[in-house]
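Visitor: Okay, here's the structure, questions in a sec.
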Amino acid sequence: MNSYKNILSQALSPLLGLPSEEVAAMFVTPPDSSMGDIGLPCFPLAKKLQQSPAQIASKLSTQLELPEGFSKISTTGPYLNFTIDRQKMFNRFLAGVRSTAKPFGASEIGKGQTVVMDYSHPNIAKPLAIHHVRSTIIGAALCRLYKFLGYTVEGVNHLGDWGTNFGQLMVSYKRYEAAQPDQEVNITRLLEMYIQFHKDAGNEEGLDDQAREWFVKLESGDPEAVRLWELFREESLNAFKKLYRRFGIEFEHYIGESFFNDKMEATLERIAAKGISEISEGALVVKFEDDKMPPCLLRKSDGSTLYATRDLAAAEYRYERWHFAKCLYVVANQQELHFRQVFGVLEKMGYDWAKNCEHIKFGMLAFGPDVFPTEEEDDTAFGRRTTGSTRRGHIVFLEEVLDRARDKARDLVVDNAREDEVLQHADELAEMIGVGAIVFNELAQRRVKDVLFTWDKALNLHGDSGPYLQYTHARLSSVLRKYGKELPEEIDYSTLGTEAEAEVAKAVAAFPEIIERAVRENEPSVVSDYLLALCSEFNRFFTDKVTHRIISDEEALTLARVGLVDCVRTVLATGLGLLGIQAPERM
RNA sequence: GCCCCCGUAGCUCAGCGGAUAGAGCAUCGGAUUUCUAAUCCGAAGGUCACAGGUUCGAAUCCUGUCGGGGGUGCCA
């Protein structure tokens with residue numbers, strides 16, 4: 001589409017006396033393709049040319065020679081509309097889509113640049129829950145998108161693996177161990193211990209003090225405390241990785257908060273050396289001019305460091321190690337101020353790369369009445385973010401969500417199977433579809449919006465959903481199987497020509513721009529939205545079996561249509577892959 | 001008090017400066033001898049929270065109001 005706009009803007013530029021870039025920025029898409037494929041609103045030209053927009057449009061339509069690649073110039077009131085030559089359009093739009101050499105839509109514009117993606121960052125000793133999943137799924141999708149554009153991506157899992165809460169766990173563990181010495185520790189047990197501690201601490205004096213003592217032991221390197229810390233961390237990590245695998249996610253790095261324990265002093269010294277920190281009310285802070293922002297606390301009056309201190313040390317470390325072009329923090333809205341402060345301190349420290357750090361924020365998760373009938377109080381005890389009352393055990397576990405989705409998908413797979421192949425792979429398919437539904441549900445909305453989690457919506461397998469995209473992929477694959485023959489590398493699409501085909505081809509051709517926009521806005525929902533539109537366009541085409549019989553006696557037309565099917569399939573598979581959703585061949 | 005985000009169809013959401021504001025769910029009605037009906041077509045459903053402003057043109061940009069959520073120096 002861009003190349004068509006280039007042709008037009010160059011043809012129009014001398015007539016309008018405007019640079020072609022300016023003309024190119026004026027184009028719009030007509031509401032209905034029967035009006036044309038590219039439109040030019042003539043309103044802004046009225047003043048300059050001293051004529052009414054409608055007059056300008058009609059004058060231009062007669063003055064302008066039909067540019068190469070177009071079949072019609074028309075006007076609708078003040079709009080000058082151009083229709084692309086259908087015969088030539090298909091070969092232009094679909095060239096390279098099926099290329100095996102370079103995936104369609106991929107590019108090298110990010111070559112040589114590194115993007116650090118901080119995402120997921122769960123807390124040790126707490127199972128992954130549905131409210132962690134947004135950061136995980138959005139972050140992973142962004143990683144894939146950046147890689148697709150040639151960037152080097154360093155995905156970092158900034159684990160919440162340090163804090164006074166470890167002392168609490170140790171107190172609880174010691175009691176628990178005495179009662180059941182042979183029981184293994186896994187994440188479920190860890191959570192029980194955490195809940196137990198808070199239950200006990202409510203009734204027993206001195207338990208909090210014991211927890212503090214254990215944490216002091218841990219900080220001073222006491223062997224038993226360190227052993228327990230490592231045990232808790234290891235077991236938690238095992239549980240996290242099991243779920244990441246179901247999403248097909250692998251982190252380049254697990255670098256938790258604890259990693260920065262011995263690096264914060266140096267960071268604080270560098271800050272002090274810049275003369276931007278001061279003591280206020282006993283604490284070490286960095287203040288901001290005009291009190292635009294509350295000061296950033298770096299050290300408590302008792303000498304211990306804070307969350308921001310750790311993130312500052314981490315930012316320095318990341319830049320030192322990777323010299324990133326961008327450092328993106330996929331973290332909930334709630335921490336907006338925290339990141340503004342951290343980035344503000346980095347800027348005051350004189351790091352010019354501070355401007356390349358960005359908080360990729362996303363909305364809160366609320367539970368619908370089919371999940372929890374009453375609202376639970378928030379728990380921000382530790383971690384990059386938490387919602388839901390973990391302490392009291394009110395939490396929706398991610399594993400449960402995935403299992404329920406998978407089971408529901410399995411029923412549907414078995415009910416609808418029309419091939420033995422499908423039944424034989426029912427379990428695999430159910431997993432693909434169930435997980436696909438959950439992932440899509442997370443990516444279907446713009447990040448900043450709060451999300452209402454309901455079982456009904458998350459487990460939706462119809463309509464605008466992951467399974468709808470997967471089903472379309474299966475149908476496309478089925479057509480290719482039915483065709484049965486190997487498709488040649490080069491296909492002549494010029495026998496295509498119906499409007500439905502044109503719409504499908506236009507949708508296919510839009511893919512690269514969609515990817516660029518998704519990356520520019522750090523917004524995976526741009527892709528999910530697009531894929532729905534693409535599938536909707538194809539399904540409309542596909543349902544019309546009378547005029548759009550794909551496999552027919554007409555050889556050239558059949559080849560062109562099967563080729564178009566393969567183009568859609570390719571783009572859909574690529575898009576789904578970028579979102580982290582598998583594309584089944586049958587279902 | 002101050003700061004940030006969000007108010008679009010009954011519900012969940014797209015659209016974020018251009019032509020008649022679009023999907024899905026739910027409701028109602030249709031389409032299957034024929035490449036997968038987990039699909040498709042149609043009907044119904046909207047003072048785009050409100051009020052000003054900018055503009056040839058505003059759901060979209062600016063200001064204010066109201067409503068919802070979040071944050072706000074010793075949690076993360």
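Identifiers in the structure tokens: chain A, B, ... in order shown; residue index from 1 per chain; ligand index from 1 in order shown.
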Using only C-alpha atoms (C1' of nucleotides), which chain A residues lie at most 8 Å away from chain B, written as a count of residues only?
Guide: 52
Visitor: As a compact mmCIF listing (two decimals) with N, CA and C atoms, in the first residue's frame, please: all residues of segment 453-579 of chain A that backbone DSSP puts in alpha helix (DSSP H).
Guide:
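Produced file part_17.txt, reproduced below:
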# COMPACT_ATOMS: atom_id res chain seq x y z
N TRP A 455 -14.39 -16.05 34.04
CA TRP A 455 -14.18 -17.37 33.42
C TRP A 455 -14.83 -17.40 32.06
N ASP A 456 -15.99 -16.80 31.99
CA ASP A 456 -16.77 -16.80 30.77
C ASP A 456 -15.97 -16.24 29.60
N LYS A 457 -15.29 -15.13 29.85
CA LYS A 457 -14.54 -14.45 28.79
C LYS A 457 -13.22 -15.16 28.51
N ALA A 458 -12.52 -15.54 29.57
CA ALA A 458 -11.20 -16.15 29.39
C ALA A 458 -11.30 -17.49 28.67
N GLY A 466 -8.83 -16.43 20.53
CA GLY A 466 -7.69 -17.18 20.02
C GLY A 466 -8.12 -18.39 19.19
N PRO A 467 -9.03 -19.19 19.72
CA PRO A 467 -9.48 -20.36 18.97
C PRO A 467 -10.10 -20.02 17.61
N TYR A 468 -10.71 -18.84 17.50
CA TYR A 468 -11.25 -18.43 16.20
C TYR A 468 -10.11 -18.30 15.20
N LEU A 469 -9.01 -17.70 15.62
CA LEU A 469 -7.85 -17.56 14.75
C LEU A 469 -7.27 -18.93 14.43
N GLN A 470 -7.20 -19.77 15.44
CA GLN A 470 -6.65 -21.12 15.23
C GLN A 470 -7.53 -21.93 14.30
N TYR A 471 -8.82 -21.79 14.47
CA TYR A 471 -9.76 -22.51 13.62
C TYR A 471 -9.61 -22.08 12.17
N THR A 472 -9.47 -20.79 11.98
CA THR A 472 -9.27 -20.27 10.62
C THR A 472 -7.98 -20.84 10.03
N HIS A 473 -6.96 -20.92 10.87
CA HIS A 473 -5.70 -21.50 10.39
C HIS A 473 -5.89 -22.95 9.99
N ALA A 474 -6.67 -23.68 10.76
CA ALA A 474 -6.93 -25.09 10.44
C ALA A 474 -7.70 -25.21 9.12
N ARG A 475 -8.65 -24.32 8.90
CA ARG A 475 -9.41 -24.36 7.65
C ARG A 475 -8.50 -24.07 6.46
N LEU A 476 -7.66 -23.07 6.62
CA LEU A 476 -6.72 -22.72 5.55
C LEU A 476 -5.81 -23.90 5.24
N SER A 477 -5.33 -24.52 6.29
CA SER A 477 -4.44 -25.67 6.11
C SER A 477 -5.16 -26.80 5.40
N SER A 478 -6.44 -26.95 5.74
CA SER A 478 -7.23 -28.01 5.15
C SER A 478 -7.39 -27.82 3.64
N VAL A 479 -7.58 -26.59 3.23
CA VAL A 479 -7.69 -26.30 1.80
C VAL A 479 -6.40 -26.68 1.10
N LEU A 480 -5.29 -26.32 1.72
CA LEU A 480 -3.99 -26.64 1.11
C LEU A 480 -3.80 -28.15 1.01
N ARG A 481 -4.26 -28.87 2.03
CA ARG A 481 -4.17 -30.34 1.98
C ARG A 481 -5.02 -30.88 0.85
N LYS A 482 -6.22 -30.33 0.73
CA LYS A 482 -7.14 -30.80 -0.31
C LYS A 482 -6.55 -30.55 -1.70
N TYR A 483 -5.90 -29.44 -1.84
CA TYR A 483 -5.27 -29.13 -3.13
C TYR A 483 -4.23 -30.20 -3.45
N GLU A 499 -13.95 -8.44 -5.58
CA GLU A 499 -13.76 -7.53 -4.45
C GLU A 499 -13.39 -8.27 -3.17
N ALA A 500 -14.00 -9.44 -2.99
CA ALA A 500 -13.69 -10.21 -1.78
C ALA A 500 -12.21 -10.60 -1.78
N GLU A 501 -11.71 -10.99 -2.95
CA GLU A 501 -10.30 -11.33 -3.05
C GLU A 501 -9.42 -10.11 -2.82
N ALA A 502 -9.86 -8.99 -3.36
CA ALA A 502 -9.09 -7.76 -3.18
C ALA A 502 -8.99 -7.41 -1.70
N GLU A 503 -10.09 -7.57 -0.98
CA GLU A 503 -10.08 -7.25 0.45
C GLU A 503 -9.12 -8.16 1.20
N VAL A 504 -9.14 -9.43 0.87
CA VAL A 504 -8.24 -10.37 1.53
C VAL A 504 -6.79 -10.00 1.23
N ALA A 505 -6.52 -9.72 -0.04
CA ALA A 505 -5.15 -9.38 -0.44
C ALA A 505 -4.67 -8.11 0.26
N LYS A 506 -5.56 -7.13 0.35
CA LYS A 506 -5.19 -5.88 1.03
C LYS A 506 -4.86 -6.14 2.50
N ALA A 507 -5.68 -6.99 3.11
CA ALA A 507 -5.43 -7.31 4.53
C ALA A 507 -4.08 -8.00 4.70
N VAL A 508 -3.78 -8.92 3.81
CA VAL A 508 -2.49 -9.62 3.87
C VAL A 508 -1.34 -8.62 3.75
N ALA A 509 -1.49 -7.73 2.79
CA ALA A 509 -0.40 -6.79 2.50
C ALA A 509 -0.15 -5.81 3.65
N PHE A 511 0.18 -6.44 6.72
CA PHE A 511 0.88 -7.06 7.86
C PHE A 511 2.17 -6.35 8.29
N PRO A 512 3.09 -6.06 7.37
CA PRO A 512 4.34 -5.41 7.81
C PRO A 512 4.12 -4.09 8.54
N GLU A 513 3.16 -3.29 8.05
CA GLU A 513 2.89 -2.02 8.72
C GLU A 513 2.32 -2.25 10.11
N ILE A 514 1.54 -3.29 10.25
CA ILE A 514 0.95 -3.63 11.54
C ILE A 514 2.05 -3.97 12.55
N ILE A 515 3.01 -4.75 12.10
CA ILE A 515 4.10 -5.13 12.99
C ILE A 515 4.89 -3.90 13.44
N GLU A 516 5.17 -3.04 12.48
CA GLU A 516 5.90 -1.82 12.83
C GLU A 516 5.15 -0.98 13.84
N ARG A 517 3.85 -0.88 13.64
CA ARG A 517 3.06 -0.07 14.56
C ARG A 517 3.02 -0.71 15.95
N ALA A 518 2.87 -2.01 15.99
CA ALA A 518 2.83 -2.71 17.27
C ALA A 518 4.11 -2.46 18.06
N VAL A 519 5.24 -2.46 17.36
CA VAL A 519 6.52 -2.23 18.02
C VAL A 519 6.65 -0.75 18.41
N ARG A 520 6.25 0.13 17.52
CA ARG A 520 6.35 1.56 17.80
C ARG A 520 5.55 1.90 19.05
N SER A 525 -1.65 -5.71 21.14
CA SER A 525 -3.06 -5.80 20.75
C SER A 525 -3.27 -5.31 19.32
N VAL A 526 -2.36 -4.51 18.82
CA VAL A 526 -2.44 -4.08 17.43
C VAL A 526 -2.41 -5.32 16.53
N VAL A 527 -1.59 -6.28 16.88
CA VAL A 527 -1.47 -7.50 16.09
C VAL A 527 -2.71 -8.37 16.25
N SER A 528 -3.18 -8.54 17.48
CA SER A 528 -4.34 -9.40 17.69
C SER A 528 -5.56 -8.84 16.98
N ASP A 529 -5.71 -7.54 17.05
CA ASP A 529 -6.80 -6.87 16.37
C ASP A 529 -6.75 -7.11 14.86
N TYR A 530 -5.57 -6.96 14.34
CA TYR A 530 -5.36 -7.15 12.91
C TYR A 530 -5.68 -8.58 12.48
N LEU A 531 -5.22 -9.55 13.27
CA LEU A 531 -5.44 -10.95 12.89
C LEU A 531 -6.93 -11.28 12.87
N LEU A 532 -7.68 -10.70 13.78
CA LEU A 532 -9.13 -10.91 13.77
C LEU A 532 -9.73 -10.38 12.47
N ALA A 533 -9.29 -9.20 12.08
CA ALA A 533 -9.82 -8.60 10.86
C ALA A 533 -9.43 -9.44 9.64
N LEU A 534 -8.19 -9.90 9.62
CA LEU A 534 -7.73 -10.74 8.50
C LEU A 534 -8.57 -12.00 8.39
N CYS A 535 -8.79 -12.66 9.52
CA CYS A 535 -9.55 -13.91 9.51
C CYS A 535 -11.00 -13.67 9.14
N SER A 536 -11.53 -12.59 9.62
CA SER A 536 -12.91 -12.26 9.32
C SER A 536 -13.06 -12.06 7.80
N GLU A 537 -12.09 -11.37 7.23
CA GLU A 537 -12.10 -11.13 5.79
C GLU A 537 -12.00 -12.45 5.02
N PHE A 538 -11.10 -13.29 5.48
CA PHE A 538 -10.95 -14.58 4.80
C PHE A 538 -12.19 -15.45 4.95
N ASN A 539 -12.71 -15.53 6.15
CA ASN A 539 -13.87 -16.40 6.38
C ASN A 539 -15.08 -15.98 5.55
N ARG A 540 -15.20 -14.68 5.34
CA ARG A 540 -16.30 -14.20 4.51
C ARG A 540 -16.11 -14.72 3.08
N PHE A 541 -14.89 -14.57 2.61
CA PHE A 541 -14.52 -15.05 1.28
C PHE A 541 -14.74 -16.56 1.17
N PHE A 542 -14.34 -17.25 2.19
CA PHE A 542 -14.34 -18.71 2.19
C PHE A 542 -15.76 -19.27 2.23
N THR A 543 -16.65 -18.56 2.91
CA THR A 543 -18.02 -19.04 3.06
C THR A 543 -18.80 -18.95 1.75
N GLU A 555 -7.54 -24.01 -14.04
CA GLU A 555 -6.23 -24.26 -13.48
C GLU A 555 -5.54 -23.01 -12.93
N ALA A 556 -5.52 -21.97 -13.77
CA ALA A 556 -4.80 -20.76 -13.37
C ALA A 556 -5.47 -20.10 -12.16
N LEU A 557 -6.79 -20.07 -12.20
CA LEU A 557 -7.53 -19.45 -11.11
C LEU A 557 -7.36 -20.25 -9.81
N THR A 558 -7.41 -21.56 -9.95
CA THR A 558 -7.21 -22.41 -8.78
C THR A 558 -5.85 -22.14 -8.14
N LEU A 559 -4.83 -22.09 -8.98
CA LEU A 559 -3.49 -21.84 -8.48
C LEU A 559 -3.40 -20.49 -7.75
N ALA A 560 -4.01 -19.49 -8.37
CA ALA A 560 -3.98 -18.16 -7.77
C ALA A 560 -4.72 -18.15 -6.43
N ARG A 561 -5.85 -18.81 -6.39
CA ARG A 561 -6.64 -18.81 -5.15
C ARG A 561 -5.98 -19.64 -4.05
N VAL A 562 -5.46 -20.77 -4.43
CA VAL A 562 -4.74 -21.58 -3.43
C VAL A 562 -3.53 -20.78 -2.92
N GLY A 563 -2.90 -20.06 -3.85
CA GLY A 563 -1.77 -19.21 -3.45
C GLY A 563 -2.21 -18.15 -2.46
N LEU A 564 -3.36 -17.55 -2.73
CA LEU A 564 -3.89 -16.54 -1.81
C LEU A 564 -4.16 -17.17 -0.44
N VAL A 565 -4.72 -18.36 -0.45
CA VAL A 565 -4.98 -19.08 0.79
C VAL A 565 -3.67 -19.29 1.55
N ASP A 566 -2.64 -19.65 0.81
CA ASP A 566 -1.36 -19.88 1.46
C ASP A 566 -0.77 -18.58 2.02
N CYS A 567 -1.03 -17.48 1.33
CA CYS A 567 -0.57 -16.18 1.83
C CYS A 567 -1.25 -15.87 3.17
N VAL A 568 -2.56 -16.05 3.22
CA VAL A 568 -3.28 -15.78 4.46
C VAL A 568 -2.77 -16.70 5.56
N ARG A 569 -2.61 -17.96 5.21
CA ARG A 569 -2.14 -18.94 6.19
C ARG A 569 -0.77 -18.53 6.75
N THR A 570 0.11 -18.12 5.86
CA THR A 570 1.45 -17.73 6.27
C THR A 570 1.42 -16.56 7.24
N VAL A 571 0.68 -15.53 6.87
CA VAL A 571 0.61 -14.34 7.72
C VAL A 571 -0.03 -14.68 9.07
N LEU A 572 -1.08 -15.47 9.00
CA LEU A 572 -1.77 -15.84 10.24
C LEU A 572 -0.84 -16.65 11.15
N ALA A 573 -0.14 -17.60 10.57
CA ALA A 573 0.77 -18.42 11.37
C ALA A 573 1.88 -17.56 11.98
N THR A 574 2.41 -16.65 11.17
CA THR A 574 3.47 -15.76 11.68
C THR A 574 2.94 -14.88 12.81
N GLY A 575 1.77 -14.31 12.57
CA GLY A 575 1.18 -13.42 13.57
C GLY A 575 0.88 -14.15 14.87
N LEU A 576 0.29 -15.31 14.75
CA LEU A 576 0.00 -16.09 15.95
C LEU A 576 1.29 -16.43 16.69
N GLY A 577 2.30 -16.81 15.92
CA GLY A 577 3.59 -17.13 16.53
C GLY A 577 4.14 -15.95 17.31
N LEU A 578 3.99 -14.75 16.77
CA LEU A 578 4.50 -13.57 17.46
C LEU A 578 3.75 -13.31 18.76
N LEU A 579 2.47 -13.64 18.76
CA LEU A 579 1.69 -13.44 19.98
C LEU A 579 1.95 -14.55 20.99
Visitor: Tell me, as a tab-separated table (two decimals) with N, CA and C atoms (P, O5', C5', C4', C3', O3' and C1' of nucleotides), in the first residue's frame, which residues lie within 12 Å of C50 of chain B, counting only C-alpha atoms (C1' of nucleotides); anything in the same chain fewer than 3 positions away does not count.
Guide:
chain	number	residue	atom	x	y	z
B	7	G	P	-11.19	5.22	27.71
B	7	G	O5'	-12.56	4.77	28.32
B	7	G	C5'	-13.59	5.66	28.42
B	7	G	C4'	-14.68	5.10	29.28
B	7	G	C3'	-16.02	5.68	28.86
B	7	G	O3'	-17.11	4.85	29.22
B	7	G	C1'	-15.27	6.69	30.88
B	47	U	P	-28.30	7.34	23.01
B	47	U	O5'	-27.89	8.74	22.42
B	47	U	C5'	-26.83	9.47	23.04
B	47	U	C4'	-26.59	10.64	22.16
B	47	U	C3'	-25.28	11.28	22.56
B	47	U	O3'	-24.31	10.86	21.60
B	47	U	C1'	-27.08	12.80	22.93
B	64	G	P	-7.42	21.85	33.51
B	64	G	O5'	-8.97	22.05	33.85
B	64	G	C5'	-9.42	23.25	34.47
B	64	G	C4'	-10.92	23.30	34.44
B	64	G	C3'	-11.62	22.17	35.18
B	64	G	O3'	-11.69	22.39	36.57
B	64	G	C1'	-12.64	22.48	33.07
B	65	U	P	-11.82	21.13	37.54
B	65	U	O5'	-13.31	20.65	37.30
B	65	U	C5'	-14.41	21.48	37.73
B	65	U	C4'	-15.72	20.82	37.35
B	65	U	C3'	-15.92	19.41	37.89
B	65	U	O3'	-16.37	19.40	39.23
B	65	U	C1'	-16.50	19.47	35.60
B	66	C	P	-15.91	18.20	40.17
B	66	C	O5'	-16.83	17.01	39.67
B	66	C	C5'	-18.26	17.10	39.79
B	66	C	C4'	-18.91	15.97	39.02
B	66	C	C3'	-18.45	14.57	39.38
B	66	C	O3'	-19.08	14.08	40.55
B	66	C	C1'	-18.47	14.78	37.04
B	67	G	P	-18.27	13.07	41.50
B	67	G	O5'	-18.26	11.72	40.64
B	67	G	C5'	-19.47	11.00	40.43
B	67	G	C4'	-19.22	9.84	39.50
B	67	G	C3'	-18.10	8.90	39.92
B	67	G	O3'	-18.50	7.99	40.93
B	67	G	C1'	-17.85	9.41	37.64
Visitor: I'd like the contact shell of G42 of chain B - 12 Å cut-off, only C-alpha atoms (C1' of nucleotides), skipping same-chain residues fewer than 5 positions apart - returned as a VMD selection string.
Guide: chain B and resid 28 to 31
Visitor: For Asp420 of chain A, list every protein, DNA or RNA residue within 12 Å, evaluated using only C-alpha atoms (C1' of nucleotides), and leave out those in the same chain fewer than 5 positions away; present the list as a compact mmCIF listing (two decimals) with N, CA, C and O atoms, in the first residue's frame.
Guide:
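Okay, this is what ended up in around06.txt:
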# COMPACT_ATOMS: atom_id res chain seq x y z
N VAL A 413 -13.09 -30.13 21.23
CA VAL A 413 -12.33 -30.85 20.21
C VAL A 413 -12.99 -32.20 19.93
O VAL A 413 -13.23 -32.57 18.79
N VAL A 414 -13.30 -32.90 20.99
CA VAL A 414 -13.89 -34.24 20.83
C VAL A 414 -15.27 -34.15 20.20
O VAL A 414 -15.61 -34.92 19.30
N HIS A 425 -5.01 -36.66 18.33
CA HIS A 425 -4.19 -35.63 18.95
C HIS A 425 -5.00 -34.70 19.84
O HIS A 425 -4.65 -33.54 20.03
N ALA A 426 -6.09 -35.22 20.37
CA ALA A 426 -7.01 -34.38 21.14
C ALA A 426 -6.33 -33.66 22.31
O ALA A 426 -6.58 -32.49 22.56
N ARG A 586 -5.02 -28.86 12.00
CA ARG A 586 -6.39 -29.39 12.00
C ARG A 586 -6.99 -29.12 13.36
O ARG A 586 -6.30 -29.09 14.36
N MET A 587 -8.29 -28.98 13.40
CA MET A 587 -8.99 -28.97 14.68
C MET A 587 -10.49 -29.17 14.47
O MET A 587 -10.94 -29.21 13.33
Visitor: May I ask which of the residues A:Asp427, A:Glu320, A:Glu234, A:Asp37 is the closest one to Arg86 of chain A, counting only C-alpha atoms?
Guide: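 The answer is A:Asp37, which sits nearest to Arg86 of chain A.
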Visitor: With DSSP run on the backbone, what are the strand (DSSP E) residues within segment 293-478 of chain A? I'd like them as a short mmCIF file (atom, residue, chain, number, x, y, z; two decimals) with N, CA, C and O atoms, in the first residue's frame.
Guide:
data_model
loop_
_atom_site.label_atom_id
_atom_site.label_comp_id
_atom_site.auth_asym_id
_atom_site.auth_seq_id
_atom_site.Cartn_x
_atom_site.Cartn_y
_atom_site.Cartn_z
N CYS A 296 12.50 10.62 45.75
CA CYS A 296 12.74 9.19 45.61
C CYS A 296 13.56 8.72 46.80
O CYS A 296 14.67 9.21 47.02
N LEU A 297 13.03 7.80 47.57
CA LEU A 297 13.74 7.30 48.76
C LEU A 297 14.72 6.21 48.39
O LEU A 297 14.34 5.24 47.74
N LEU A 298 15.95 6.40 48.84
CA LEU A 298 16.98 5.43 48.49
C LEU A 298 17.49 4.63 49.67
O LEU A 298 18.05 3.55 49.51
N ARG A 299 17.37 5.22 50.88
CA ARG A 299 17.82 4.49 52.06
C ARG A 299 16.97 4.90 53.24
O ARG A 299 16.78 6.08 53.49
N LYS A 326 17.06 0.37 24.17
CA LYS A 326 15.84 0.58 24.95
C LYS A 326 15.85 -0.37 26.12
O LYS A 326 16.29 -1.52 25.97
N CYS A 327 15.33 0.10 27.24
CA CYS A 327 15.11 -0.79 28.37
C CYS A 327 13.65 -0.64 28.77
O CYS A 327 13.22 0.43 29.21
N LEU A 328 12.89 -1.70 28.54
CA LEU A 328 11.44 -1.62 28.75
C LEU A 328 11.03 -2.41 29.98
O LEU A 328 11.44 -3.57 30.15
N TYR A 329 10.22 -1.77 30.82
CA TYR A 329 9.74 -2.40 32.05
C TYR A 329 8.26 -2.70 31.89
O TYR A 329 7.44 -1.77 31.90
N VAL A 330 7.94 -3.96 31.74
CA VAL A 330 6.53 -4.34 31.57
C VAL A 330 5.93 -4.57 32.95
O VAL A 330 5.99 -5.67 33.49
N VAL A 331 5.43 -3.51 33.51
CA VAL A 331 4.97 -3.51 34.91
C VAL A 331 3.65 -2.74 35.00
O VAL A 331 3.41 -1.81 34.24
N ALA A 332 2.82 -3.15 35.94
CA ALA A 332 1.47 -2.58 36.06
C ALA A 332 1.48 -1.06 36.28
O ALA A 332 2.43 -0.48 36.80
N CYS A 357 14.81 4.48 28.70
CA CYS A 357 14.12 3.58 29.63
C CYS A 357 12.64 3.93 29.59
O CYS A 357 12.28 5.10 29.61
N GLU A 358 11.81 2.93 29.51
CA GLU A 358 10.39 3.22 29.40
C GLU A 358 9.57 2.23 30.21
O GLU A 358 9.83 1.03 30.21
N HIS A 359 8.59 2.77 30.89
CA HIS A 359 7.66 1.94 31.66
C HIS A 359 6.52 1.52 30.73
O HIS A 359 5.73 2.37 30.30
N ILE A 360 6.46 0.26 30.40
CA ILE A 360 5.38 -0.25 29.56
C ILE A 360 4.27 -0.69 30.51
O ILE A 360 4.24 -1.80 31.00
N LYS A 361 3.41 0.26 30.78
CA LYS A 361 2.43 -0.02 31.84
C LYS A 361 1.18 -0.68 31.31
O LYS A 361 0.85 -0.55 30.13
N PHE A 362 0.51 -1.35 32.20
CA PHE A 362 -0.74 -1.99 31.80
C PHE A 362 -1.72 -1.94 32.94
O PHE A 362 -1.36 -1.74 34.09
N LEU A 365 -6.02 -5.83 37.02
CA LEU A 365 -6.89 -6.97 36.81
C LEU A 365 -7.95 -6.97 37.90
O LEU A 365 -7.64 -6.86 39.08
N ALA A 366 -9.18 -7.03 37.49
CA ALA A 366 -10.26 -7.17 38.48
C ALA A 366 -10.99 -8.47 38.17
O ALA A 366 -11.02 -8.91 37.02
N PHE A 367 -11.54 -9.07 39.20
CA PHE A 367 -12.23 -10.33 39.00
C PHE A 367 -13.73 -10.13 38.91
O PHE A 367 -14.32 -9.39 39.67
N VAL A 451 -8.42 -4.80 33.12
CA VAL A 451 -9.00 -6.02 32.58
C VAL A 451 -9.95 -6.65 33.58
O VAL A 451 -9.64 -6.75 34.76
N LEU A 452 -11.10 -7.02 33.09
CA LEU A 452 -12.03 -7.74 33.94
C LEU A 452 -11.89 -9.21 33.62
O LEU A 452 -12.16 -9.64 32.51
N PHE A 453 -11.42 -9.96 34.61
CA PHE A 453 -11.26 -11.39 34.37
C PHE A 453 -12.52 -12.13 34.78
O PHE A 453 -12.95 -12.09 35.93
#
Visitor: For segment 273-281 of chain A, work out the shell of residues within 8 Å, counting only C-alpha atoms (C1' of nucleotides) and skipping chain neighbours fewer than 6 positions away, then give it as JSON, numbers by chain.
Guide: {"A": [287, 301, 348, 349]}
Visitor: Quick one: residues within 10 Å of Val156 of chain A, only C-alpha atoms (C1' of nucleotides), excluding same-chain residues fewer than 2 positions away - as an NGL selection string?
Guide: :A and (116-121 or 139 or 153-154 or 158-159 or 250-256 or 318 or 329)
Visitor: Grab the atom CA of Ser20 of chain A to atom CA of Leu80 of chain A distance for me, in Å with one decimal place.
Guide: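 Separation of atom CA of Ser20 of chain A and atom CA of Leu80 of chain A: 16.3 Å.
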Visitor: Would you work out the distance separating atom CA of Ala409 of chain A from atom CA of Glu431 of chain A, expressed in Å to one decimal?
Guide: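 Atom CA of Glu431 of chain A lies 7.6 Å from atom CA of Ala409 of chain A.
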Visitor: Just give me the gap between atom CA of Ala25 of chain A and atom CA of Ser13 of chain A in Å, one decimal is fine.
Guide: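 Atom CA of Ser13 of chain A lies 11.8 Å from atom CA of Ala25 of chain A.
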